[in-house]
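First the structure, in the form of structure tokens, and then the observations on it.
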Amino acid sequence: MAVDIPMLDRIRKKKALDPDEVRTFSVNNLEGNAHLKFPDNTVRTSKYTILTFIPLNLFYQFCRVANFYFLIISAIQVIPGVSPTGQFTTLGTLLVVLGITALKEAYEDFKRHQQDNKVNNSSTLVLRNGQFVPTIWSRLTVGDIVQVTNRQYIPADLVIMSSSEPMGMCYIETANLDGETNLKIRQALEETAPMTEPDQLQRALTNATINCEQPNNRLYNFQGNIQMVDSEVLPLGVKQVLLRGAMLRNTKWVNGVVIFSGPDTKLMKNSSKAPVKLSNLERRTNKQIIFIFIFQILLCTACAIANGVWVQNNGHSWYVRFSNNPATEGALSFLTFLILFNNLIPISLYVSMEAVKVLQAYFINNDMNMYYSVNNTPAMARTSNLNEELGQIDYIFSDKTGTLTQNLMQFRKCSIAGISYGMGETEASAGAALRQGSRLEDSMDAYADGVPEEPQAESKHFGFVDARLLRNLKGGHATAEVIREFLVLLAVCHTVIPEVEPTGIVYQASSPDESALIAAAKAFGFELVGRTPRTVIINVQGREASYEVLNILEFNSTRKRMSVIVRTPEGKILLYCKGADTVIYERLSPDQPYGDITITHLEQFASEGLRTLCLAVAELDPAQYEEWNKIHTEAAISITDREGMLDRAAELVERNLFLLGATAIEDKLQEGVPDTIHTLAQAGIKLWVLTGDKQETAINIGFACQLLTEQMELIVVNEDSLKGTLDEINKNIEKFEAMNSDTRPILALIIDGATLQHALTESIKMRLLRLGQMCRSVICCRVSPLQKALVVKLVKDNLQAITLAIGDGANDVSMIQAAHVGIGISGEEGLQAARSSDYAIAQFRFLLPLLLIHGRNSYRRISKLILYSFYKNIVLYLTQFWFTVLNGWSGQTYYERLTLTAYNVVWTFFPVIIMGVLDKDVGEDMVYDHPQLYRTGPEKYHFNTKVFWGWVGNGLFHSLLIYTFPALIFRHTNPFHSGQDIDLFTLGVVSYTCVVLTVNLKLGIEIRYWTWMNHLFVWGSILVYVLWLMIFGVFFEVSTSDVGSDIYYSIFHLYRTPLFYLAIILVPFLCLWRDISWKYVYRTSLPKSYHIVQEMMRGKDDEKQVLRAASPGRSRHLGYSFSQEEGDLNRSSVVGYDSRLA
């Protein structure tokens, strides 16, 4: 092995250390470190303190435009002589809304404080005066020497000095950091490992100097060094670091030095909040609020002008006195009208939406249809802000491994010395057979050496069937030595930790692939039985062999390979390397005897959907190895650019490799994936798969999971230049755009990562998007995490479409956060994706209940809630406008102020909350049977500009009827038996009662699924209003203030006149008759898909009614609905329906 001198120079070339990039401190020296002012080890995840809660919470709440608007209105109201409704009516309602939100925030923050206090007061041991003494976590500082015992959490970021295990080893579990539950090994430096006693640590480490990187959020990297007194500089890397939040396992104790404390720890640096996402429905609502506000300003302006004109024309009358001129009176009246009409924007809208969304999230978390009993994992709504977004998804972007597949790897086949081993059909090979229109038959005759005599036992990670491999190994075959080297590589080249349990050895692997490879080595008689930081011990067919580990060149996404340099029992120095075929073949020596045939086998394995790795070996000259190891050590102790220097050092030694063969591992599809994808396609959702797999593997998996079908025409784009990519994309666009929609085939696009790099450039990406829009499915192969996020953003930023990204690994986090909705799979790769997501589920198939049931219902419910909230306020407050027309544009209120205030927080608040949580238009089974019902969300059927202003117009119409008819009914009569005429506020009570009845009955019409809670709160709200009038109507008698004087005894007078009953029956009927008639006409003339499905449900209900006819005494709750006649979906009639069947 010759050393590349120019590359050596590049490795050794280091920039000068920037003091801002390096942290330097003394060990066990509190006074010496005091001037550095490092933070203590206290952490605070809470949002508020006692002192900051009120100001901060109010600030956050008034950042909402609506809340700030009502604050301004409340301020104007307190100006004497301006408000027609009293000085505190809006303020009272606003305080209720702010109070509810503040209580919710306070409760959540109180729970955070409790958790923080529990953590900060946890106990640990710290070295003081030569002894370990108890202390609490919050008192630790940088430089302290700490002892942690088995199954305790690490209190701060530590550099390990020694442990109870040989050579300073210890085991940790990092589930709190990255979600991975497998054990990881950490080891002290050889120079510090013997320091196991407190006095040894005190003597050797006091005033030692540690130089390290500044605090950062990189969990898997650390660069530093330590220099003890009278000692050389020693490198510190990530293998010597124990991070706060990790748990010590299988180790009695470990001693370490605090390097980062409190907010500087990597755990806290990674605790930044995910990007804030606002739902599309809420954005559109905010736009409509702006238009309503403009409408309100125009209305107030018109009324103010009319007021000025009226004053101009009538100001001379003897019975009015105006202190200002008409222009001034008109200007002042603008503020009066602004207060009078202020609730055209519903003050309770946001708190209603929050309450509904929180309850919807509760039902998501407790849905047993999304509970995965295998690993006890329920669904989790990590945010409730995006519930309705789940019902509007147009595009799903999915990872493959661990998302569509189980990420439970099984060793199936291999190629060794040019011979392919392993038989059997994979799911992807079945997909390939489907693609070719034939059935795959296992052909045993394809193997020249004959069929297996004894199939290998199948296990969780091992599904290999072919006895020829062991026969060739043991029978002196010409390739026996290569087979042995291949299996030794499997048993040695890894980071797997064997953990001895009472039931045997359990392997703790960093990935499912490693588990499969180590299981294969064991099955073939090369069993891993022990490991230390410096040795790997394997049992080779009954005999133990110890391999000294000299160096580990770790895997990363750039290198795409892993190597170990070992000294064999025979004294040879070997480099074992495994990795992707592209990087391994680049590093092979010339004239490889098995190179071409292995490529053929790799292509065959890929066509069967198997994940492949190439295995290679090189023998190193001891002298050249020592020269290289100096370079590697120099890179390892560097504080700056350590990773780059290590990678460049690895390039020097990973050369002139000899190819041994390749492994092929199957990742089986998750249960229900094909059916889920088929159902999503029927729902009109397009699925794009973004995977790092080879193209052939991805295509065959696509056929296996029904993402691709035989009816599709595949567009494969593989180009290595910008021009070629553009030409190929344009050619396909022109070809298929020339066809009409009837003759155009169903299309699927396949594109690889290299081509995608060109296609995502500014000049081409819109053409790529155009081609993708024409396709039902898209598969992007060999893509990087960054490319995944860029593809998601391409669709999100340029189409009026809602996107969802779903994945299970850390490499999926960027696309999960880029999409409108991010779904994390709690899978084999840990919880990184789930922790960064908006919603977490355990299996891909759970997308169906999440989207088709919870998402669809949430979209429909939230849409109805928003529309109804605006409708009910317009009905009430525009009656004030109609009254203003007839009272000289004075701004006089029509209603008693406290009764008016209670409208949004009592009489109409709870019924819409229950509707928003429980209502559904069709049953769950019918949605699964008819996924097309989901299209109402992506098509924005329930909430769009037309629908919104239709509800506004309807509210305007109802307000006109509610004011006009009571005024006409009571206009020319003396309604009371005493001969007394009706007064202003008593007539207001009549209209207000009509409002309460009309809006609650309107909600009843909109409710499809009546439950006992709907009945309780709809009718209960009306009853509470009536009781309020009766109690508040006599309140003036027992009060020393004038509260209640405006409607004193009004209701008791009204109860005695038939005209009151005529008004409260006739007016709601006239208002809602139009709504009922419109629904009937619309349902019969232009039925939507859910109307038809409701009729199908009614047909099933009729059958059940026949069966129940002989069962008397059973009561049924009936709701109002429409039905079509049997056998004709285009004709309708009015029927009742069983609310329990919805």
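Chain identifiers are assigned as A, B, and so on, following the order in which chains appear in the structure tokens; residues are numbered from 1 within each chain, and ligands are numbered from 1 in order of appearance.
For range 442-540 of chain A, backbone-based DSSP assignment of strand (DSSP E) covers Ile497, Pro498, Glu499, Val500, Glu501, Gly504, Ile505, Val506, Tyr507, Gln508, Phe526, Glu527, Leu528, Val529, Gly530, Arg531, Thr535, Val536, Ile537, Ile538, Asn539 and Val540 of chain A.
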Please produce, as CSV, a per-residue contact table for range 873-959 of chain A versus range 1025-1032 of chain A (criterion: any atom at most 10 Å away, only C-alpha atoms considered), showing the nearest atom pair and its distance in Å to one decimal, sorted by chain then residue number.
```
residue,atom,partner,partner_atom,distance
A:Leu898,CA,A:Phe1032,CA,9.7
A:Thr899,CA,A:Trp1028,CA,8.5
A:Ala902,CA,A:Tyr1025,CA,9.3
A:Tyr903,CA,A:Tyr1025,CA,9.3
A:Val906,CA,A:Tyr1025,CA,8.4
A:Trp907,CA,A:Tyr1025,CA,6.4
A:Thr908,CA,A:Tyr1025,CA,9.9
```
For Trp1019 in chain A, find every residue with an atom within 12 Å (counting only C-alpha atoms), except residues of its own chain fewer than 6 positions away, and show them as an mmCIF file with N, CA and C atoms, in the first residue's frame.
```cif
data_model
loop_
_atom_site.group_PDB
_atom_site.id
_atom_site.type_symbol
_atom_site.label_atom_id
_atom_site.label_comp_id
_atom_site.auth_asym_id
_atom_site.auth_seq_id
_atom_site.Cartn_x
_atom_site.Cartn_y
_atom_site.Cartn_z
ATOM 1 N N TRP A 907 -75.388 30.766 24.777
ATOM 2 C CA TRP A 907 -76.527 30.258 24.015
ATOM 3 C C TRP A 907 -76.119 29.488 22.759
ATOM 4 N N THR A 908 -74.994 29.842 22.157
ATOM 5 C CA THR A 908 -74.633 29.195 20.885
ATOM 6 C C THR A 908 -73.252 28.560 20.915
ATOM 7 N N PHE A 910 -71.837 25.844 23.005
ATOM 8 C CA PHE A 910 -71.626 24.413 23.219
ATOM 9 C C PHE A 910 -72.208 23.514 22.117
ATOM 10 N N PRO A 911 -73.369 23.840 21.538
ATOM 11 C CA PRO A 911 -73.893 22.948 20.496
ATOM 12 C C PRO A 911 -72.944 22.776 19.307
ATOM 13 N N VAL A 996 -82.093 33.041 18.651
ATOM 14 C CA VAL A 996 -81.603 31.858 19.371
ATOM 15 C C VAL A 996 -82.251 30.593 18.832
ATOM 16 N N LEU A 997 -83.564 30.637 18.600
ATOM 17 C CA LEU A 997 -84.259 29.466 18.055
ATOM 18 C C LEU A 997 -83.785 29.153 16.642
ATOM 19 N N VAL A 999 -80.937 29.973 14.943
ATOM 20 C CA VAL A 999 -79.557 29.511 14.749
ATOM 21 C C VAL A 999 -79.356 28.120 15.333
ATOM 22 N N ASN A 1000 -80.023 27.798 16.430
ATOM 23 C CA ASN A 1000 -79.884 26.451 16.984
ATOM 24 C C ASN A 1000 -80.597 25.420 16.121
ATOM 25 N N LEU A 1001 -81.776 25.782 15.581
ATOM 26 C CA LEU A 1001 -82.462 24.857 14.665
ATOM 27 C C LEU A 1001 -81.697 24.715 13.349
ATOM 28 N N LEU A 1003 -78.479 24.792 13.116
ATOM 29 C CA LEU A 1003 -77.431 23.828 13.435
ATOM 30 C C LEU A 1003 -77.998 22.413 13.435
ATOM 31 N N GLY A 1004 -79.226 22.274 13.957
ATOM 32 C CA GLY A 1004 -79.855 20.956 13.943
ATOM 33 C C GLY A 1004 -80.023 20.408 12.549
ATOM 34 N N TRP A 1012 -77.028 11.714 21.985
ATOM 35 C CA TRP A 1012 -77.680 12.295 23.169
ATOM 36 C C TRP A 1012 -77.020 13.613 23.563
ATOM 37 N N MET A 1013 -75.721 13.753 23.253
ATOM 38 C CA MET A 1013 -75.040 14.995 23.596
ATOM 39 C C MET A 1013 -75.517 16.145 22.706
ATOM 40 N N TYR A 1025 -81.487 29.559 27.886
ATOM 41 C CA TYR A 1025 -81.829 30.929 27.498
ATOM 42 C C TYR A 1025 -83.190 31.338 28.066
ATOM 43 N N VAL A 1026 -84.154 30.439 27.993
ATOM 44 C CA VAL A 1026 -85.489 30.738 28.527
ATOM 45 C C VAL A 1026 -85.424 30.948 30.038
#
```
Next on the checklist: Which residues are near Asn551 in chain A? Cut-off 6 Å, only C-alpha atoms, ignore same chain within fewer than 2 positions. Put them as number ranges by chain.
Outcome noted: A: 549, 564-565
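Among the candidates A:Met161, A:Met1097, A:Leu747, A:Leu726, the residue lying nearest to Ile764 in chain A is A:Leu726 (atoms considered: only C-alpha atoms).
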Next on the checklist: Excluding range 768-781 of chain A and its own-chain neighbours fewer than 5 positions away, which residues fall within 8 Å of it when counting only C-alpha atoms? Please give them as a PyMOL selection string.
Outcome noted: chain A and resi 686-695+698-699+707-708+729+732-733+746-753+756+759-760+794-795
Next on the checklist: Give me, as an MDAnalysis selection string, all polymer residues having an atom no more than 9 Å from Ser863 in chain A, counting only C-alpha atoms and skipping those fewer than 5 positions away in the same chain.
Outcome noted: chainID A and resid 281 388 858 868 916 942:943
